Every structure is written in C-alpha cells, then in structure tokens.
Amino acid sequence: MVLVTGAPMLFPSLGPTAYLLALRPDAPSASPRNTVVGHGIGVLCGVLALLVCGLWGAPGSLAHGEMTLLRVLAAALALGGTGFVMVLADRSHPPAGATTLIVALGLMPGSAALVALMASVVGLVLLGQAFGLVAGARPSGWAPDG
C-alpha cells in the first residue's frame, strides 16, 4: 500500500490499538466495530476541523517547528468532536483520540494518507483476529460483547 499511495502504513495511534487488540481483546473498546468506527470518526472529525479552520492542504505546524493558534483550534475541535461523536454513537475506542490529533495537526496530510491510515486500522484488526485464532482464543465478533 505504501508503494501505491506513497503514504506510511504506520502511525502513532496504531500502537495503543495493537495493545488493546492483543492484550485486552474482550474489552468493548477492542471490538472490531469500535476499532474501525472509532478511528473513522477520528479521521472525519480531524478533516472537518481542518476544513472549518481553513487548514486542509496546509503544511502541518509541527513539520515547521511552530504551532499556530489556528492549528491548536483545529486540534481542539477535532478532539472534542471525536469524543462527542464516539459517545453519541456508543463506539468507544480511546486510541482514536490520537488519530484525530494526527489528522488535525497535519501529520498525515491528504486523502491518500487518510486512506492508508484506515487501511492500516482494518489490517491491524484482521491481524488481531488471525492472531486470536492461532492462539486459540475465541475471535471477537464485529460488535462488542459488553
């Protein structure tokens, strides 16, 4: 996928997602639905915050060693929106808070990077399910048990 999109398949919020999937697979926040939908909400809220603040396509502030007030506003809107929508949708997945910050701070700019980000999440969920089968665990259903 990296060769096709030119976008990285690794990003910081995959670490806590992998932790949940591997070590807390029975937790509702580790269900495949909450994982994929949670990160999707994070991406959408991050993009919406960038659009509202007029920052879509602008270089990320951290890449230039500066943080503008507008970028801070985008990050705050993205994080608040992500939490709000996840609560409304009953789709808790805490690592999605980091995903929305990654998007709002401009660390994964452009549509190709966001597609790669979501493909990474889906791939990690599938890998977690396969790992659970090999380890003899009952694979998580699409929806959380609790």
# chains A, B, ... in the order shown; residues from 1 in each chain; ligands from 1
call {"tool": "closest_atom_pairs", "arguments": {"of": "range 6-70 of chain A", "to": "range 89-103 of chain A", "cutoff": "9 Å", "atoms": "only C-alpha atoms", "output": "JSON lines"}}
result
{"residue": "A:Phe11", "atom": "CA", "partner": "A:Thr99", "partner_atom": "CA", "distance": 8.3}
{"residue": "A:Pro12", "atom": "CA", "partner": "A:Ala98", "partner_atom": "CA", "distance": 7.5}
{"residue": "A:Ser13", "atom": "CA", "partner": "A:Pro95", "partner_atom": "CA", "distance": 5.5}
{"residue": "A:Leu14", "atom": "CA", "partner": "A:Pro95", "partner_atom": "CA", "distance": 7.6}
{"residue": "A:Gly15", "atom": "CA", "partner": "A:Pro95", "partner_atom": "CA", "distance": 8.4}
{"residue": "A:Pro16", "atom": "CA", "partner": "A:Pro95", "partner_atom": "CA", "distance": 5.9}
{"residue": "A:Thr17", "atom": "CA", "partner": "A:Pro95", "partner_atom": "CA", "distance": 6.0}
{"residue": "A:Pro28", "atom": "CA", "partner": "A:Ser92", "partner_atom": "CA", "distance": 7.6}
{"residue": "A:Ser29", "atom": "CA", "partner": "A:His93", "partner_atom": "CA", "distance": 4.7}
{"residue": "A:Ala30", "atom": "CA", "partner": "A:His93", "partner_atom": "CA", "distance": 7.0}
{"residue": "A:Ser31", "atom": "CA", "partner": "A:His93", "partner_atom": "CA", "distance": 8.8}
{"residue": "A:Arg33", "atom": "CA", "partner": "A:Arg91", "partner_atom": "CA", "distance": 7.6}
{"residue": "A:Asn34", "atom": "CA", "partner": "A:Arg91", "partner_atom": "CA", "distance": 4.9}
{"residue": "A:Thr35", "atom": "CA", "partner": "A:His93", "partner_atom": "CA", "distance": 5.8}
{"residue": "A:Val36", "atom": "CA", "partner": "A:His93", "partner_atom": "CA", "distance": 8.8}
{"residue": "A:Val37", "atom": "CA", "partner": "A:Arg91", "partner_atom": "CA", "distance": 6.9}
{"residue": "A:Gly38", "atom": "CA", "partner": "A:His93", "partner_atom": "CA", "distance": 5.3}
{"residue": "A:His39", "atom": "CA", "partner": "A:Ala96", "partner_atom": "CA", "distance": 4.7}
{"residue": "A:Gly40", "atom": "CA", "partner": "A:Ala96", "partner_atom": "CA", "distance": 8.0}
{"residue": "A:Ile41", "atom": "CA", "partner": "A:Ala96", "partner_atom": "CA", "distance": 7.6}
{"residue": "A:Gly42", "atom": "CA", "partner": "A:Thr100", "partner_atom": "CA", "distance": 4.3}
{"residue": "A:Val43", "atom": "CA", "partner": "A:Thr100", "partner_atom": "CA", "distance": 5.5}
{"residue": "A:Leu44", "atom": "CA", "partner": "A:Thr100", "partner_atom": "CA", "distance": 7.9}
{"residue": "A:Cys45", "atom": "CA", "partner": "A:Thr100", "partner_atom": "CA", "distance": 6.6}
{"residue": "A:Gly46", "atom": "CA", "partner": "A:Thr100", "partner_atom": "CA", "distance": 4.8}
{"residue": "A:Val47", "atom": "CA", "partner": "A:Val103", "partner_atom": "CA", "distance": 6.7}
{"residue": "A:Leu50", "atom": "CA", "partner": "A:Val103", "partner_atom": "CA", "distance": 8.3}
call {"tool": "write_last_selection", "arguments": {"atoms": "C-alpha atoms", "output": "JSON list (two decimals), in the first residue's frame"}}
result
[["chain", "number", "residue", "atom", "x", "y", "z"],
["A", 11, "PHE", "CA", 1.21, 5.96, 12.67],
["A", 12, "PRO", "CA", 1.36, 6.53, 16.45],
["A", 13, "SER", "CA", -2.20, 5.56, 17.40],
["A", 14, "LEU", "CA", -1.73, 2.06, 15.94],
["A", 15, "GLY", "CA", 0.42, 1.21, 18.98],
["A", 16, "PRO", "CA", -2.35, 1.59, 21.58],
["A", 17, "THR", "CA", -4.80, -0.03, 19.17],
["A", 28, "PRO", "CA", -15.61, -3.41, 24.24],
["A", 29, "SER", "CA", -13.18, -0.75, 23.02],
["A", 30, "ALA", "CA", -11.17, -3.51, 21.30],
["A", 31, "SER", "CA", -14.08, -4.88, 19.28],
["A", 33, "ARG", "CA", -16.53, -2.36, 15.14],
["A", 34, "ASN", "CA", -15.38, 0.07, 17.82],
["A", 35, "THR", "CA", -11.83, -0.01, 16.49],
["A", 36, "VAL", "CA", -12.67, 0.68, 12.84],
["A", 37, "VAL", "CA", -15.57, 3.07, 13.52],
["A", 38, "GLY", "CA", -13.63, 4.88, 16.27],
["A", 39, "HIS", "CA", -10.66, 5.59, 14.01],
["A", 40, "GLY", "CA", -13.06, 6.52, 11.18],
["A", 41, "ILE", "CA", -14.74, 9.05, 13.48],
["A", 42, "GLY", "CA", -11.31, 10.39, 14.42],
["A", 43, "VAL", "CA", -10.33, 10.84, 10.78],
["A", 44, "LEU", "CA", -13.63, 12.50, 9.84],
["A", 45, "CYS", "CA", -13.56, 14.89, 12.81],
["A", 46, "GLY", "CA", -9.93, 15.74, 12.09],
["A", 47, "VAL", "CA", -10.72, 16.52, 8.45],
["A", 50, "LEU", "CA", -9.15, 21.27, 9.21]]
call {"tool": "select_by_dssp", "arguments": {"residues": "range 57-101 of chain A", "states": "alpha helix (DSSP H)", "output": "PyMOL selection string"}}
result
chain A and resi 69-89+95-101
call {"tool": "closest_residue", "arguments": {"among": "A:Gly60, A:Gly136, A:Pro109, A:Gly123", "to": "Pro32 in chain A", "atoms": "only C-alpha atoms"}}
result
A:Gly123
call {"tool": "residues_around", "arguments": {"residues": "Ala135 in chain A", "least_positions_apart": "6", "cutoff": "12 Å", "atoms": "only C-alpha atoms", "output": "PyMOL selection string"}}
result
chain A and resi 22+128-129
call {"tool": "closest_residue", "arguments": {"among": "A:Leu127, A:Val85, A:Val115, A:Ala74", "to": "Trp56 in chain A", "atoms": "only C-alpha atoms"}}
result
A:Ala74
call {"tool": "atom_distance", "arguments": {"atom1": "CA of Leu20 in chain A", "atom2": "CA of Val122 in chain A"}}
result
14.2 Å
call {"tool": "closest_residue", "arguments": {"among": "A:Ala130, A:Val52, A:Ala119, A:Leu105", "to": "Ala75 in chain A", "atoms": "only C-alpha atoms"}}
result
A:Leu105
call {"tool": "closest_residue", "arguments": {"among": "A:Gly57, A:Ala27, A:Ala49, A:Leu107", "to": "Gly81 in chain A", "atoms": "only C-alpha atoms"}}
result
A:Ala49
call {"tool": "atom_distance", "arguments": {"atom1": "CA of Leu55 in chain A", "atom2": "CA of Leu73 in chain A"}}
result
10.6 Å
